[in-house]
file query37.csv (CSV, C-alpha atoms)
chain,number,residue,atom,x,y,z
A,442,MET,CA,67.0,155.5,26.2
A,443,ARG,CA,70.4,153.9,26.6
A,444,THR,CA,72.1,152.2,23.7
A,445,VAL,CA,72.2,148.8,25.3
A,446,LYS,CA,68.4,148.9,25.9
A,447,ARG,CA,67.8,150.0,22.3
A,448,LEU,CA,70.0,147.2,21.0
A,449,ALA,CA,68.1,144.7,23.2
A,450,LEU,CA,64.8,145.9,21.8
A,451,ILE,CA,66.1,145.6,18.3
A,452,ALA,CA,67.3,142.1,19.0
A,453,VAL,CA,63.8,141.2,20.4
A,454,GLY,CA,62.4,142.6,17.2
A,455,TYR,CA,64.6,140.4,15.1
A,456,ALA,CA,63.6,137.4,17.3
A,457,LEU,CA,60.0,138.2,16.7
A,458,CYS,CA,60.7,138.3,13.0
A,459,VAL,CA,62.2,134.8,13.1
A,460,ALA,CA,59.1,133.6,15.1
A,461,ALA,CA,56.8,135.1,12.4
A,462,GLY,CA,58.8,133.3,9.7
A,463,LEU,CA,58.5,130.0,11.6
A,464,ALA,CA,54.8,130.6,12.2
A,465,ALA,CA,54.2,131.2,8.5
A,466,VAL,CA,56.1,128.0,7.6
A,467,THR,CA,54.1,126.0,10.2
A,468,VAL,CA,50.8,127.3,8.9
A,469,ASN,CA,51.9,126.5,5.3
A,470,GLU,CA,52.8,122.9,6.4
A,471,LEU,CA,49.5,122.4,8.2
A,472,ARG,CA,47.4,123.6,5.2
A,473,MET,CA,49.4,121.5,2.7
A,474,PRO,CA,47.7,118.2,1.5
A,475,ALA,CA,49.6,115.1,2.5
A,476,ASP,CA,50.0,113.8,-1.0
A,477,VAL,CA,51.8,117.0,-2.0
A,478,ALA,CA,54.1,116.9,1.0
A,479,GLN,CA,55.0,113.3,0.4
A,480,GLY,CA,55.2,113.6,-3.4
A,481,SER,CA,58.1,116.0,-3.6
A,482,PRO,CA,59.6,116.7,-0.2
A,483,GLY,CA,62.6,118.6,-1.6
A,484,MET,CA,60.4,121.0,-3.4
A,485,VAL,CA,58.3,121.5,-0.3
A,486,ALA,CA,61.4,122.2,1.8
A,487,PHE,CA,62.6,124.7,-0.7
A,488,GLY,CA,59.2,126.4,-0.7
A,489,ASP,CA,59.3,126.5,3.1
A,490,MET,CA,62.7,128.1,3.0
A,491,ILE,CA,61.6,130.8,0.5
A,492,LEU,CA,58.5,131.5,2.6
A,493,PHE,CA,60.6,131.7,5.8
A,494,VAL,CA,63.1,134.2,4.2
A,495,LEU,CA,60.3,136.3,2.7
A,496,VAL,CA,58.2,136.6,5.9
A,497,THR,CA,61.2,137.1,8.1
A,498,GLY,CA,62.7,139.7,5.7
A,499,PHE,CA,59.4,141.6,5.5
A,500,PHE,CA,58.9,141.8,9.2
A,501,GLY,CA,62.6,142.5,9.7
A,502,LEU,CA,62.2,145.8,7.9
A,503,ALA,CA,61.1,147.5,11.2
A,504,PRO,CA,64.0,146.5,13.4
A,505,THR,CA,66.4,147.2,10.6
A,506,TRP,CA,65.1,150.7,10.3
A,507,PHE,CA,65.7,151.3,14.0
A,508,LEU,CA,69.1,149.6,13.8
A,509,LEU,CA,70.1,151.9,11.0
A,510,LYS,CA,68.9,155.0,12.8
A,511,LEU,CA,70.9,153.9,15.9
A,512,PHE,CA,74.0,153.2,13.8
A,513,ILE,CA,73.8,156.6,12.1
A,514,GLU,CA,73.3,158.3,15.5
A,515,LYS,CA,76.3,156.6,17.1
A,516,ALA,CA,78.8,155.7,14.4
A,517,PRO,CA,77.8,157.1,10.9
A,518,ARG,CA,81.4,156.8,9.5
A,519,ALA,CA,81.6,153.2,10.5
A,520,LEU,CA,78.2,152.5,8.9
A,521,VAL,CA,79.3,154.1,5.6
A,522,ALA,CA,82.6,152.2,5.7
A,523,VAL,CA,80.8,148.9,6.2
A,524,GLU,CA,78.4,149.6,3.4
A,525,LEU,CA,81.2,150.6,1.0
A,526,VAL,CA,83.1,147.4,1.9
A,527,VAL,CA,80.0,145.2,1.4
A,528,ALA,CA,79.2,147.0,-1.9
A,529,ALA,CA,82.8,146.4,-3.1
A,530,MET,CA,82.5,142.8,-2.1
A,531,GLY,CA,79.3,142.6,-4.2
A,532,LEU,CA,81.1,143.9,-7.2
A,533,ALA,CA,84.0,141.4,-6.6
A,534,SER,CA,81.4,138.6,-6.2
A,535,TRP,CA,79.7,139.4,-9.6
A,536,LEU,CA,83.1,139.6,-11.3
A,537,ALA,CA,84.3,136.3,-9.8
A,538,VAL,CA,81.2,134.4,-10.7
A,539,MET,CA,81.2,135.9,-14.3
A,540,HIS,CA,84.8,134.9,-14.7
A,541,MET,CA,84.1,131.3,-13.6
A,542,ALA,CA,80.9,131.0,-15.6
A,543,GLY,CA,82.3,132.7,-18.7
A,544,SER,CA,85.4,130.6,-19.3
A,545,SER,CA,85.1,127.7,-21.6
A,546,SER,CA,88.0,125.9,-20.0
A,547,PRO,CA,88.8,125.8,-16.3
A,548,PRO,CA,91.1,128.7,-15.2
A,549,THR,CA,94.8,127.8,-14.8
A,550,PHE,CA,95.2,129.1,-11.3
A,551,PRO,CA,97.3,127.2,-8.8
A,552,VAL,CA,95.4,124.6,-6.8
A,553,ALA,CA,95.4,126.7,-3.6
A,554,VAL,CA,94.0,129.8,-5.4
A,555,SER,CA,91.3,127.7,-7.2
A,556,GLN,CA,90.2,126.2,-3.9
A,557,LEU,CA,90.0,129.6,-2.2
A,558,LEU,CA,88.1,131.0,-5.2
A,559,GLY,CA,85.7,128.1,-5.0
A,560,LEU,CA,85.1,128.7,-1.3
A,561,PHE,CA,84.7,132.5,-1.9
A,562,ILE,CA,82.1,131.8,-4.6
A,563,ALA,CA,80.2,129.3,-2.5
A,564,PHE,CA,80.2,131.0,0.8
A,565,VAL,CA,80.6,134.7,0.0
A,566,ALA,CA,79.8,135.6,-3.6
A,567,ILE,CA,76.5,133.7,-4.1
A,568,PRO,CA,74.9,134.8,-0.8
A,569,ARG,CA,76.1,138.3,-1.4
A,570,MET,CA,74.6,138.3,-4.9
A,571,VAL,CA,71.3,136.9,-3.6
A,572,PHE,CA,71.0,139.6,-0.9
A,573,GLY,CA,72.1,142.4,-3.3
A,574,PRO,CA,68.6,143.9,-3.6
A,575,VAL,CA,68.2,144.0,0.2
A,576,LEU,CA,71.6,145.7,0.6
A,577,LEU,CA,70.6,148.2,-2.1
A,578,VAL,CA,67.5,149.1,0.0
A,579,ILE,CA,69.6,149.4,3.1
A,580,GLU,CA,72.0,151.7,1.3
A,581,ALA,CA,69.1,153.8,0.0
A,582,VAL,CA,67.6,154.2,3.5
A,583,THR,CA,71.0,155.2,4.8
A,584,PHE,CA,71.2,157.7,2.0
A,585,LEU,CA,67.9,159.2,3.2
A,586,LEU,CA,68.9,159.3,6.8
A,587,VAL,CA,72.4,160.7,6.5
A,588,ARG,CA,72.9,164.5,5.9
A,589,GLY,CA,76.5,165.0,4.8
A,590,ARG,CA,77.3,165.6,1.1
A,591,VAL,CA,80.4,163.5,1.0
A,592,THR,CA,78.7,160.7,2.9
A,593,ARG,CA,75.8,160.8,0.4
A,594,ALA,CA,78.2,160.8,-2.5
A,595,LEU,CA,79.9,157.7,-1.1
A,596,LEU,CA,76.5,156.0,-0.5
A,597,ALA,CA,75.5,156.8,-4.1
A,598,VAL,CA,78.7,155.1,-5.3
A,599,ALA,CA,77.9,152.1,-3.1
A,600,MET,CA,74.3,152.0,-4.6
A,601,LEU,CA,75.8,152.1,-8.1
A,602,MET,CA,78.1,149.2,-7.3
A,603,ASP,CA,75.0,147.2,-6.4
A,604,LEU,CA,72.6,148.6,-9.1
A,605,VAL,CA,74.9,148.2,-12.2
A,606,PRO,CA,75.4,144.4,-11.8
A,607,LEU,CA,71.8,143.9,-10.9
A,608,GLY,CA,70.7,145.9,-13.9
A,609,LEU,CA,73.1,144.0,-16.3
A,610,PHE,CA,71.8,140.7,-14.9
A,611,ALA,CA,68.2,141.9,-15.5
A,612,LEU,CA,69.0,142.9,-19.0
A,613,HIS,CA,70.7,139.6,-19.7
A,614,MET,CA,67.7,137.7,-18.3
A,615,LEU,CA,65.3,139.8,-20.5
A,616,ARG,CA,67.4,139.1,-23.6
A,617,VAL,CA,67.6,135.4,-22.9
A,618,THR,CA,63.9,135.1,-22.3
A,619,ARG,CA,62.9,137.0,-25.4
A,620,TYR,CA,64.6,134.5,-27.7

call {"tool": "encode", "arguments": {"input": "query37.csv", "output": "structure tokens"}}
result
Amino acid sequence: MRTVKRLALIAVGYALCVAAGLAAVTVNELRMPADVAQGSPGMVAFGDMILFVLVTGFFGLAPTWFLLKLFIEKAPRALVAVELVVAAMGLASWLAVMHMAGSSSPPTFPVAVSQLLGLFIAFVAIPRMVFGPVLLVIEAVTFLLVRGRVTRALLAVAMLMDLVPLGLFALHMLRVTRY
């Protein structure tokens, strides 16, 4: 099968995943009592968003598997390079957010740097941190599909760059909830 046809089938798979997410949200909305929907529409919308992301993400595992296999077959070095860059961006995201949250006074950066840092945190760091576990799974699957020793070592480093901040965050949350 040609690469273009495989990519088209993968795109159709992702479209079906989005359709499944929309269907789940629609069924949820139809089954919800009217007083609940009218009482707190913001919470209902947030719940719908979470449901959409979970259902779409779950069904998106299959096309992602095929996309990773295709990527490894056609451009394994590029895939590893992209995963390393995304992992490094995750580490930078955690450090930027920790720096901003940990300082008692606002940092004394120039205005332009502060604005860029704010945009980075809002549009890159927070989404990257939220999708960290998903990217960790993608790195682990790539680790299983790839055969080279050096490539596997690089993927192990990428997984550690995602696993260490997530583990520290989990330990912090455990410590906070215990007291």

call {"tool": "atom_distance", "arguments": {"input": "query37.csv", "atom1": "atom CA of Asp476 of chain A", "atom2": "atom CA of Gly462 of chain A"}}
result
23.9 Å

call {"tool": "atom_distance", "arguments": {"input": "query37.csv", "atom1": "atom CA of Trp535 of chain A", "atom2": "atom CA of Met570 of chain A"}}
result
7.0 Å

call {"tool": "residues_around", "arguments": {"input": "query37.csv", "residues": "Val494 of chain A", "least_positions_apart": "4", "cutoff": "12 Å", "atoms": "only C-alpha atoms", "output": "short mmCIF file (atom, residue, chain, number, x, y, z; two decimals) with C-alpha atoms, in the coordinates of the input"}}
result
data_model
loop_
_atom_site.label_atom_id
_atom_site.label_comp_id
_atom_site.auth_asym_id
_atom_site.auth_seq_id
_atom_site.Cartn_x
_atom_site.Cartn_y
_atom_site.Cartn_z
CA CYS A 458 60.70 138.30 13.00
CA VAL A 459 62.20 134.80 13.10
CA ALA A 460 59.10 133.60 15.10
CA ALA A 461 56.80 135.10 12.40
CA GLY A 462 58.80 133.30 9.70
CA LEU A 463 58.50 130.00 11.60
CA ALA A 465 54.20 131.20 8.50
CA VAL A 466 56.10 128.00 7.60
CA PHE A 487 62.60 124.70 -0.70
CA GLY A 488 59.20 126.40 -0.70
CA ASP A 489 59.30 126.50 3.10
CA MET A 490 62.70 128.10 3.00
CA GLY A 498 62.70 139.70 5.70
CA PHE A 499 59.40 141.60 5.50
CA PHE A 500 58.90 141.80 9.20
CA GLY A 501 62.60 142.50 9.70
CA VAL A 571 71.30 136.90 -3.60
CA PHE A 572 71.00 139.60 -0.90
CA VAL A 575 68.20 144.00 0.20
#

call {"tool": "residues_around", "arguments": {"input": "query37.csv", "residues": "segment 502-519 of chain A", "least_positions_apart": "5", "cutoff": "8 Å", "atoms": "all atoms listed in the file", "output": "PyMOL selection string"}}
result
chain A and resi 448+451-452+454-455+583+586-587

call {"tool": "closest_residue", "arguments": {"input": "query37.csv", "among": "A:Val578, A:Val598, A:Val591, A:Ala537", "to": "Ala563 of chain A", "atoms": "only C-alpha atoms"}}
result
A:Ala537

call {"tool": "closest_residue", "arguments": {"input": "query37.csv", "among": "A:Ala533, A:Ala456, A:Ala522, A:Ala449", "to": "Leu596 of chain A", "atoms": "all atoms listed in the file"}}
result
A:Ala522

call {"tool": "atom_distance", "arguments": {"input": "query37.csv", "atom1": "atom CA of Leu604 of chain A", "atom2": "atom CA of Glu524 of chain A"}}
result
13.8 Å

call {"tool": "residues_near_point", "arguments": {"input": "query37.csv", "point": "(72.3, 158.5, 1.2)", "cutoff": "9 Å", "atoms": "only C-alpha atoms", "output": "list in words"}}
result
Glu580, Ala581, Val582, Thr583, Phe584, Leu585, Leu586, Val587, Arg588, Gly589, Arg590, Thr592, Arg593, Ala594, Leu595, Leu596, Ala597 and Met600 of chain A
